[in-house]
file data_24.cif (mmCIF, C-alpha atoms and all ligand atoms)
data_query
#
loop_
_atom_site.group_PDB
_atom_site.id
_atom_site.type_symbol
_atom_site.label_atom_id
_atom_site.label_comp_id
_atom_site.auth_asym_id
_atom_site.auth_seq_id
_atom_site.Cartn_x
_atom_site.Cartn_y
_atom_site.Cartn_z
ATOM 1 C CA MET A 1 -17.683 -5.718 -23.777
ATOM 2 C CA THR A 2 -15.150 -7.451 -21.536
ATOM 3 C CA ARG A 3 -14.090 -5.339 -18.586
ATOM 4 C CA THR A 4 -10.546 -6.055 -17.443
ATOM 5 C CA ALA A 5 -9.402 -5.468 -13.899
ATOM 6 C CA LEU A 6 -5.791 -5.387 -12.773
ATOM 7 C CA VAL A 7 -4.564 -6.221 -9.283
ATOM 8 C CA PRO A 8 -0.906 -5.116 -9.234
ATOM 9 C CA THR A 9 1.172 -7.045 -6.676
ATOM 10 C CA MET A 10 4.739 -7.990 -5.918
ATOM 11 C CA GLY A 11 3.682 -11.553 -5.096
ATOM 12 C CA ALA A 12 4.041 -13.318 -1.728
ATOM 13 C CA LEU A 13 0.262 -13.257 -1.837
ATOM 14 C CA HIS A 14 -1.859 -13.412 1.325
ATOM 15 C CA ASP A 15 -5.529 -12.964 2.256
ATOM 16 C CA GLY A 16 -5.190 -9.181 1.875
ATOM 17 C CA HIS A 17 -4.417 -9.663 -1.828
ATOM 18 C CA LEU A 18 -7.268 -12.179 -2.129
ATOM 19 C CA ALA A 19 -9.634 -9.536 -0.739
ATOM 20 C CA LEU A 20 -8.557 -7.263 -3.616
ATOM 21 C CA VAL A 21 -9.200 -10.044 -6.121
ATOM 22 C CA HIS A 22 -12.629 -10.868 -4.689
ATOM 23 C CA ARG A 23 -13.651 -7.200 -4.658
ATOM 24 C CA VAL A 24 -12.627 -6.668 -8.248
ATOM 25 C CA ARG A 25 -14.317 -9.851 -9.460
ATOM 26 C CA GLU A 26 -17.593 -8.070 -8.612
ATOM 27 C CA LEU A 27 -16.628 -5.265 -10.995
ATOM 28 C CA ALA A 28 -14.985 -6.955 -13.995
ATOM 29 C CA ASP A 29 -15.271 -10.124 -16.084
ATOM 30 C CA ARG A 30 -11.523 -10.575 -16.544
ATOM 31 C CA VAL A 31 -9.194 -10.245 -13.575
ATOM 32 C CA VAL A 32 -5.428 -10.098 -14.031
ATOM 33 C CA VAL A 33 -3.085 -10.273 -11.041
ATOM 34 C CA SER A 34 0.344 -8.954 -11.935
ATOM 35 C CA ILE A 35 3.226 -10.375 -9.940
ATOM 36 C CA PHE A 36 6.376 -8.331 -10.363
ATOM 37 C CA VAL A 37 8.990 -7.443 -7.773
ATOM 38 C CA ASN A 38 9.744 -3.981 -9.052
ATOM 39 C CA PRO A 39 13.445 -3.107 -8.691
ATOM 40 C CA THR A 40 12.923 0.642 -9.168
ATOM 41 C CA GLN A 41 10.909 1.076 -5.961
ATOM 42 C CA PHE A 42 13.624 -0.404 -3.725
ATOM 43 C CA GLY A 43 16.433 1.798 -2.464
ATOM 44 C CA ALA A 44 19.940 0.494 -1.808
ATOM 45 C CA GLY A 45 19.849 -1.965 1.098
ATOM 46 C CA GLU A 46 16.028 -2.144 1.072
ATOM 47 C CA GLY A 47 15.982 -5.864 0.381
ATOM 48 C CA PHE A 48 15.105 -6.175 -3.306
ATOM 49 C CA ASP A 49 17.121 -9.404 -3.482
ATOM 50 C CA ARG A 50 15.623 -10.726 -0.258
ATOM 51 C CA TYR A 51 12.000 -9.962 -1.211
ATOM 52 C CA PRO A 52 10.065 -13.273 -1.080
ATOM 53 C CA ARG A 53 9.479 -14.760 -4.529
ATOM 54 C CA THR A 54 6.815 -17.461 -4.259
ATOM 55 C CA LEU A 55 5.347 -17.633 -7.752
ATOM 56 C CA ASP A 56 4.209 -21.288 -7.569
ATOM 57 C CA ALA A 57 2.490 -20.783 -4.231
ATOM 58 C CA ASP A 58 0.956 -17.529 -5.526
ATOM 59 C CA ARG A 59 -0.463 -19.282 -8.581
ATOM 60 C CA ALA A 60 -1.831 -22.080 -6.386
ATOM 61 C CA LEU A 61 -3.469 -19.583 -4.020
ATOM 62 C CA LEU A 62 -5.176 -17.776 -6.889
ATOM 63 C CA GLY A 63 -6.344 -20.976 -8.620
ATOM 64 C CA ASP A 64 -9.094 -20.043 -11.081
ATOM 65 C CA LEU A 65 -9.807 -16.693 -9.417
ATOM 66 C CA ALA A 66 -7.593 -14.685 -11.769
ATOM 67 C CA GLU A 67 -5.061 -14.784 -14.584
ATOM 68 C CA VAL A 68 -1.462 -14.319 -13.504
ATOM 69 C CA PHE A 69 0.768 -11.873 -15.376
ATOM 70 C CA ALA A 70 4.364 -12.327 -14.210
ATOM 71 C CA PRO A 71 6.543 -10.304 -16.584
ATOM 72 C CA THR A 72 10.344 -10.248 -16.552
ATOM 73 C CA VAL A 73 12.335 -7.105 -15.751
ATOM 74 C CA ASP A 74 13.181 -6.704 -19.450
ATOM 75 C CA GLU A 75 9.521 -6.911 -20.435
ATOM 76 C CA VAL A 76 8.597 -4.174 -17.973
ATOM 77 C CA TYR A 77 11.688 -2.072 -18.643
ATOM 78 C CA PRO A 78 12.864 -2.888 -22.205
ATOM 79 C CA PRO A 79 16.464 -1.618 -22.333
ATOM 80 C CA ASP A 80 16.069 -0.424 -25.949
ATOM 81 C CA ASN A 81 12.757 1.357 -25.281
ATOM 82 C CA PRO A 82 12.614 2.434 -21.631
ATOM 83 C CA PRO A 83 9.149 3.453 -20.397
ATOM 84 C CA PRO A 84 8.684 6.945 -18.915
ATOM 85 C CA VAL A 85 9.686 7.681 -15.345
ATOM 86 C CA VAL A 86 6.726 9.157 -13.476
ATOM 87 C CA HIS A 87 7.708 11.582 -10.726
ATOM 88 C CA ALA A 88 5.686 11.636 -7.532
ATOM 89 C CA GLY A 89 6.626 15.249 -6.753
ATOM 90 C CA ALA A 90 6.430 16.842 -3.314
ATOM 91 C CA MET A 91 3.682 14.518 -2.036
ATOM 92 C CA GLY A 92 6.009 11.615 -2.740
ATOM 93 C CA ASP A 93 8.618 13.104 -0.388
ATOM 94 C CA LEU A 94 6.300 13.020 2.637
ATOM 95 C CA TRP A 95 5.998 10.149 5.173
ATOM 96 C CA GLU A 96 7.092 6.927 3.446
ATOM 97 C CA GLY A 97 8.926 9.017 0.862
ATOM 98 C CA ALA A 98 10.981 10.756 3.561
ATOM 99 C CA ALA A 99 12.376 7.392 4.649
ATOM 100 C CA ARG A 100 12.573 6.005 1.113
ATOM 101 C CA PRO A 101 13.706 8.651 -1.423
ATOM 102 C CA SER A 102 12.463 7.968 -4.986
ATOM 103 C CA HIS A 103 10.392 4.975 -3.786
ATOM 104 C CA PHE A 104 7.176 6.510 -5.090
ATOM 105 C CA ASP A 105 8.738 7.467 -8.440
ATOM 106 C CA GLY A 106 9.423 3.728 -8.789
ATOM 107 C CA VAL A 107 5.883 2.778 -7.740
ATOM 108 C CA LEU A 108 4.183 5.265 -10.073
ATOM 109 C CA SER A 109 6.460 4.386 -12.988
ATOM 110 C CA VAL A 110 5.767 0.655 -12.695
ATOM 111 C CA VAL A 111 2.031 1.113 -12.199
ATOM 112 C CA ASN A 112 1.912 3.378 -15.250
ATOM 113 C CA ARG A 113 3.867 0.755 -17.221
ATOM 114 C CA LEU A 114 1.662 -2.128 -16.018
ATOM 115 C CA PHE A 115 -1.409 -0.119 -17.048
ATOM 116 C CA ASP A 116 0.175 0.291 -20.457
ATOM 117 C CA LEU A 117 0.818 -3.460 -20.760
ATOM 118 C CA VAL A 118 -2.518 -4.749 -19.376
ATOM 119 C CA LYS A 119 -4.795 -1.824 -20.338
ATOM 120 C CA PRO A 120 -7.154 -2.330 -17.390
ATOM 121 C CA ASP A 121 -10.563 -0.668 -17.140
ATOM 122 C CA ILE A 122 -10.228 -0.939 -13.347
ATOM 123 C CA ALA A 123 -7.255 -1.325 -11.026
ATOM 124 C CA VAL A 124 -7.488 -2.119 -7.363
ATOM 125 C CA PHE A 125 -5.131 -1.200 -4.507
ATOM 126 C CA GLY A 126 -5.224 -1.769 -0.758
ATOM 127 C CA GLU A 127 -5.918 1.140 1.571
ATOM 128 C CA LYS A 128 -3.109 -0.103 3.806
ATOM 129 C CA ASP A 129 -0.657 1.751 1.553
ATOM 130 C CA TRP A 130 -2.688 4.939 1.760
ATOM 131 C CA GLN A 131 0.025 7.246 0.417
ATOM 132 C CA GLN A 132 0.586 4.913 -2.538
ATOM 133 C CA LEU A 133 -3.163 4.788 -3.268
ATOM 134 C CA THR A 134 -3.445 8.595 -3.055
ATOM 135 C CA LEU A 135 -0.478 9.139 -5.378
ATOM 136 C CA ILE A 136 -1.828 6.605 -7.900
ATOM 137 C CA ARG A 137 -5.249 8.291 -7.892
ATOM 138 C CA ARG A 138 -3.542 11.605 -8.561
ATOM 139 C CA MET A 139 -1.352 10.151 -11.333
ATOM 140 C CA VAL A 140 -4.393 8.741 -13.109
ATOM 141 C CA VAL A 141 -6.069 12.163 -13.079
ATOM 142 C CA GLU A 142 -2.921 14.073 -14.076
ATOM 143 C CA ARG A 143 -1.998 11.722 -16.920
ATOM 144 C CA GLY A 144 -5.624 11.250 -18.022
ATOM 145 C CA LEU A 145 -5.305 7.452 -17.797
ATOM 146 C CA PRO A 146 -8.467 5.543 -18.720
ATOM 147 C CA SER A 147 -8.426 3.239 -15.651
ATOM 148 C CA GLU A 148 -10.763 3.542 -12.677
ATOM 149 C CA ILE A 149 -8.962 3.188 -9.330
ATOM 150 C CA VAL A 150 -10.688 1.262 -6.552
ATOM 151 C CA GLY A 151 -9.373 1.259 -2.979
ATOM 152 C CA VAL A 152 -10.113 -1.723 -0.734
ATOM 153 C CA PRO A 153 -10.174 -1.486 3.072
ATOM 154 C CA THR A 154 -7.318 -3.153 4.919
ATOM 155 C CA VAL A 155 -7.758 -6.802 5.881
ATOM 156 C CA ARG A 156 -6.724 -7.474 9.484
ATOM 157 C CA GLU A 157 -5.775 -10.424 11.683
ATOM 158 C CA PRO A 158 -8.216 -11.097 14.557
ATOM 159 C CA SER A 159 -5.685 -9.140 16.688
ATOM 160 C CA GLY A 160 -6.229 -6.091 14.472
ATOM 161 C CA LEU A 161 -2.794 -6.309 12.831
ATOM 162 C CA ALA A 162 -2.984 -5.351 9.147
ATOM 163 C CA LEU A 163 -2.073 -8.240 6.833
ATOM 164 C CA SER A 164 1.302 -7.701 5.188
ATOM 165 C CA SER A 165 3.954 -9.896 3.626
ATOM 166 C CA ARG A 166 6.307 -8.372 6.216
ATOM 167 C CA ASN A 167 4.387 -10.000 9.092
ATOM 168 C CA ARG A 168 6.160 -13.270 8.268
ATOM 169 C CA ASN A 169 9.392 -11.640 9.516
ATOM 170 C CA LEU A 170 7.966 -11.119 13.028
ATOM 171 C CA SER A 171 8.862 -13.516 15.854
ATOM 172 C CA PRO A 172 5.874 -14.892 17.869
ATOM 173 C CA ASP A 173 6.672 -12.352 20.594
ATOM 174 C CA GLU A 174 6.860 -9.461 18.097
ATOM 175 C CA LEU A 175 3.658 -10.647 16.437
ATOM 176 C CA GLU A 176 1.857 -10.371 19.747
ATOM 177 C CA LYS A 177 3.291 -6.906 20.399
ATOM 178 C CA ALA A 178 2.469 -5.721 16.865
ATOM 179 C CA ALA A 179 -1.256 -5.737 17.739
ATOM 180 C CA LEU A 180 -0.588 -2.552 19.723
ATOM 181 C CA LEU A 181 -0.117 -0.646 16.468
ATOM 182 C CA PRO A 182 -3.776 -0.886 15.273
ATOM 183 C CA ALA A 183 -4.958 -0.451 18.878
ATOM 184 C CA VAL A 184 -3.145 2.879 19.090
ATOM 185 C CA LEU A 185 -4.484 3.960 15.691
ATOM 186 C CA GLN A 186 -8.005 3.076 16.757
ATOM 187 C CA GLN A 187 -7.727 5.100 19.947
ATOM 188 C CA ILE A 188 -6.473 8.137 18.030
ATOM 189 C CA ALA A 189 -9.127 7.688 15.329
ATOM 190 C CA GLU A 190 -11.927 7.438 17.893
ATOM 191 C CA SER A 191 -10.691 10.525 19.746
ATOM 192 C CA GLY A 192 -11.102 12.546 16.533
ATOM 193 C CA GLY A 193 -7.341 12.700 16.019
ATOM 194 C CA THR A 194 -6.491 15.195 18.777
ATOM 195 C CA SER A 195 -2.823 16.075 19.325
ATOM 196 C CA GLU A 196 -3.089 14.762 22.919
ATOM 197 C CA SER A 197 -4.188 11.369 21.612
ATOM 198 C CA ILE A 198 -1.248 11.321 19.175
ATOM 199 C CA ILE A 199 1.236 12.114 21.952
ATOM 200 C CA ARG A 200 -0.304 9.440 24.192
ATOM 201 C CA GLY A 201 -0.270 6.902 21.343
ATOM 202 C CA ALA A 202 3.377 7.583 20.504
ATOM 203 C CA ALA A 203 4.303 7.125 24.175
ATOM 204 C CA ARG A 204 2.476 3.773 24.328
ATOM 205 C CA LEU A 205 4.351 2.541 21.259
ATOM 206 C CA ASP A 206 7.635 3.817 22.636
ATOM 207 C CA ASP A 207 7.056 2.078 26.004
ATOM 208 C CA ALA A 208 6.340 -1.196 24.200
ATOM 209 C CA GLY A 209 9.691 -1.016 22.384
ATOM 210 C CA PHE A 210 8.570 0.254 18.972
ATOM 211 C CA VAL A 211 10.754 2.771 17.153
ATOM 212 C CA VAL A 212 8.223 5.186 15.671
ATOM 213 C CA ASP A 213 9.157 6.755 12.307
ATOM 214 C CA TYR A 214 5.968 8.804 12.164
ATOM 215 C CA LEU A 215 2.543 8.895 13.784
ATOM 216 C CA ASP A 216 0.293 11.727 12.682
ATOM 217 C CA VAL A 217 -3.147 12.770 11.488
ATOM 218 C CA VAL A 218 -3.259 13.935 7.877
ATOM 219 C CA ASP A 219 -5.758 15.146 5.325
ATOM 220 C CA GLU A 220 -6.634 11.997 3.371
ATOM 221 C CA ASN A 221 -6.140 13.675 -0.028
ATOM 222 C CA THR A 222 -3.199 16.051 0.460
ATOM 223 C CA LEU A 223 -1.433 13.973 3.159
ATOM 224 C CA GLU A 224 -0.560 17.229 4.942
ATOM 225 C CA PRO A 225 -0.916 17.172 8.752
ATOM 226 C CA THR A 226 -4.310 18.458 9.851
ATOM 227 C CA ILE A 227 -6.187 19.200 13.047
ATOM 228 C CA ASP A 228 -9.535 18.939 11.241
ATOM 229 C CA SER A 229 -11.081 15.518 11.853
ATOM 230 C CA ALA A 230 -13.141 15.616 8.619
ATOM 231 C CA ASN A 231 -11.572 13.542 5.804
ATOM 232 C CA ALA A 232 -8.581 12.751 7.978
ATOM 233 C CA ARG A 233 -6.493 9.601 8.425
ATOM 234 C CA VAL A 234 -4.176 8.626 11.217
ATOM 235 C CA ILE A 235 -1.027 7.161 9.712
ATOM 236 C CA VAL A 236 1.878 5.316 11.286
ATOM 237 C CA ALA A 237 5.199 3.687 10.456
ATOM 238 C CA ALA A 238 7.050 1.967 13.264
ATOM 239 C CA ARG A 239 9.776 -0.600 13.621
ATOM 240 C CA ILE A 240 9.571 -3.591 15.862
ATOM 241 C CA GLY A 241 12.894 -5.408 15.948
ATOM 242 C CA THR A 242 14.114 -5.297 12.352
ATOM 243 C CA THR A 243 10.634 -5.188 10.787
ATOM 244 C CA ARG A 244 9.082 -1.891 9.718
ATOM 245 C CA LEU A 245 5.275 -1.865 9.723
ATOM 246 C CA ILE A 246 2.890 0.742 8.321
ATOM 247 C CA ASP A 247 -0.834 1.170 8.889
ATOM 248 C CA ASN A 248 -3.573 3.818 8.809
ATOM 249 C CA MET A 249 -7.230 4.325 9.754
ATOM 250 C CA PRO A 250 -9.921 6.900 9.008
ATOM 251 C CA VAL A 251 -10.421 9.397 11.821
ATOM 252 C CA ALA A 252 -13.930 9.565 13.242
ATOM 253 C CA PRO A 253 -15.238 13.057 12.471
ATOM 254 C CA VAL A 254 -15.951 15.102 15.598
ATOM 255 C CA PRO A 255 -19.376 16.758 15.253
ATOM 256 C CA GLU A 256 -19.215 20.576 15.190
ATOM 257 C CA ARG A 257 -20.361 22.205 18.388
HETATM 258 O O1 LIG A 301 1.849 -2.314 -3.287
HETATM 259 C C1 LIG A 301 2.630 -2.997 -3.974
HETATM 260 O O2 LIG A 301 2.713 -4.220 -3.808
HETATM 261 C C2 LIG A 301 3.508 -2.324 -5.017
HETATM 262 O O3 LIG A 301 3.929 -1.072 -4.597
HETATM 263 C C3 LIG A 301 2.839 -2.236 -6.398
HETATM 264 C C4 LIG A 301 1.610 -1.328 -6.385
HETATM 265 C C5 LIG A 301 2.454 -3.620 -6.876
HETATM 266 C C6 LIG A 301 3.829 -1.638 -7.417
HETATM 267 O O4 LIG A 301 4.970 -2.429 -7.542
#
call {"tool": "encode", "arguments": {"input": "data_24.cif", "output": "structure tokens"}}
result
Amino acid sequence: MTRTALVPTMGALHDGHLALVHRVRELADRVVVSIFVNPTQFGAGEGFDRYPRTLDADRALLGDLAEVFAPTVDEVYPPDNPPPVVHAGAMGDLWEGAARPSHFDGVLSVVNRLFDLVKPDIAVFGEKDWQQLTLIRRMVVERGLPSEIVGVPTVREPSGLALSSRNRNLSPDELEKAALLPAVLQQIAESGGTSESIIRGAARLDDAGFVVDYLDVVDENTLEPTIDSANARVIVAARIGTTRLIDNMPVAPVPER
């Protein structure tokens, strides 16, 4: 039986997306990459209109690796038969959700709708958007959806910077500075996520001119702050100039003494 995998994207594809495609090609015979800039996950002034739309280049990058599914807004959200809105609940109000109210309702609703349209056996998401991945995993369980969710580790530049379509907005100077973000995460992760390491990391980012939205260590499933290094992630969102970057890393567990 053909196994179908879905790689949901908003286009402007880069090597991070290709890593998702390559991973999922090991798991399924048919790979569909959806390219849809989802209006419902953008708040007012969050750049929905400015989001890069590079469909031809995206198709060229994918070549024969995957089928492209690029639906219109009316196909995804038929006005006469609107699909359900999926609410992210309290977990969706944390971290990214605090800065972007209803963002995760938009993400979950479109992912649920794309699953309905493509009917994937497997769907793959990058670990870079850890909160998104966690909420999608939870939605699949809660709604009893028949798709397996696979998370793929973040692909990084040689400098350590996580690949993101937003990196193209950084000036050469900002690009160089942005490498501090993963360096700080790594230091916190290797220290076992102590509060001292978080304070030191935030100060380093501040000194380098970042505006830190959040930098914390959280339980990787509940996303609540934790001081336990087991199953923990250090998460960050910080602005450099006008570009807001997010990243996260697993915390190295500190052996019990
Ligand atoms: O991560 C993204 O690019 C988007 O949030 C997603 C999952 C494709 C939903 O629009």
call {"tool": "resolve_selection", "arguments": {"input": "data_24.cif", "expression": "the PyMOL selection byres (((not hetatm)) within 9 of (chain A and resi 301))", "output": "PyMOL selection string"}}
result
chain A and resi 7-11+34-41+103-104+106-111+114+125-126+128-129+132-133+136
call {"tool": "axis_aligned_box", "arguments": {"input": "data_24.cif", "around": "stretch 87-100 of chain A", "padding_each_side": "4 Å", "output": "JSON"}}
result
{"center_x": 8.1, "center_y": 11.4, "center_z": -2.8, "size_x": 16.9, "size_y": 18.8, "size_z": 23.9}
call {"tool": "residues_around", "arguments": {"input": "data_24.cif", "residues": "A:Arg244", "least_positions_apart": "4", "cutoff": "10 Å", "atoms": "all atoms listed in the file", "output": "list of chain:residue names"}}
result
A:Arg166, A:Asn167, A:Asn169, A:Leu170, A:Phe210, A:Val211, A:Val212, A:Asp213, A:Ala237, A:Ala238, A:Arg239, A:Ile240
call {"tool": "residues_near_point", "arguments": {"input": "data_24.cif", "point": "(10.1, 13.3, -10.7)", "cutoff": "12 Å", "atoms": "only C-alpha atoms", "output": "JSON, numbers by chain"}}
result
{"A": [84, 85, 86, 87, 88, 89, 90, 91, 92, 93, 101, 102, 103, 104, 105, 106, 107, 108, 109, 139]}
call {"tool": "residues_near_point", "arguments": {"input": "data_24.cif", "point": "(-3.0, 7.5, -20.5)", "cutoff": "12 Å", "atoms": "only C-alpha atoms", "output": "PyMOL selection string"}}
result
chain A and resi 84+111-117+119-121+139-148
call {"tool": "atom_distance", "arguments": {"input": "data_24.cif", "atom1": "atom CA of A:Glu196", "atom2": "atom CA of A:Val218"}}
result
15.1 Å
call {"tool": "resolve_selection", "arguments": {"input": "data_24.cif", "expression": "the PyMOL selection byres (((chain A and resi 178-195) around 10) and not hetatm)", "output": "PyMOL selection string"}}
result
chain A and resi 156-162+167+170+172-177+196-205+208+210+215-218+226-230+232-240+245-255
call {"tool": "residues_around", "arguments": {"input": "data_24.cif", "residues": "A:Gly16", "least_positions_apart": "3", "cutoff": "6 Å", "atoms": "all atoms listed in the file", "output": "number ranges by chain"}}
result
A: 19, 155, 163
call {"tool": "closest_residue", "arguments": {"input": "data_24.cif", "among": "A:Arg23, A:Ser165, A:Asp56, A:Leu135", "to": "A:Thr243", "atoms": "all atoms listed in the file"}}
result
A:Ser165
call {"tool": "resolve_selection", "arguments": {"input": "data_24.cif", "expression": "the PyMOL selection byres (((chain A and resi 65) around 10) and not hetatm)", "output": "list of chain:residue names"}}
result
A:Leu18, A:Val21, A:His22, A:Arg25, A:Arg30, A:Val31, A:Val32, A:Val33, A:Arg59, A:Leu61, A:Leu62, A:Gly63, A:Asp64, A:Ala66, A:Glu67, A:Val68
call {"tool": "atom_distance", "arguments": {"input": "data_24.cif", "atom1": "atom CA of A:Glu127", "atom2": "atom CA of A:Asn221"}}
result
12.6 Å
call {"tool": "atom_distance", "arguments": {"input": "data_24.cif", "atom1": "atom CA of A:Ala123", "atom2": "atom CA of A:Phe48"}}
result
24.1 Å
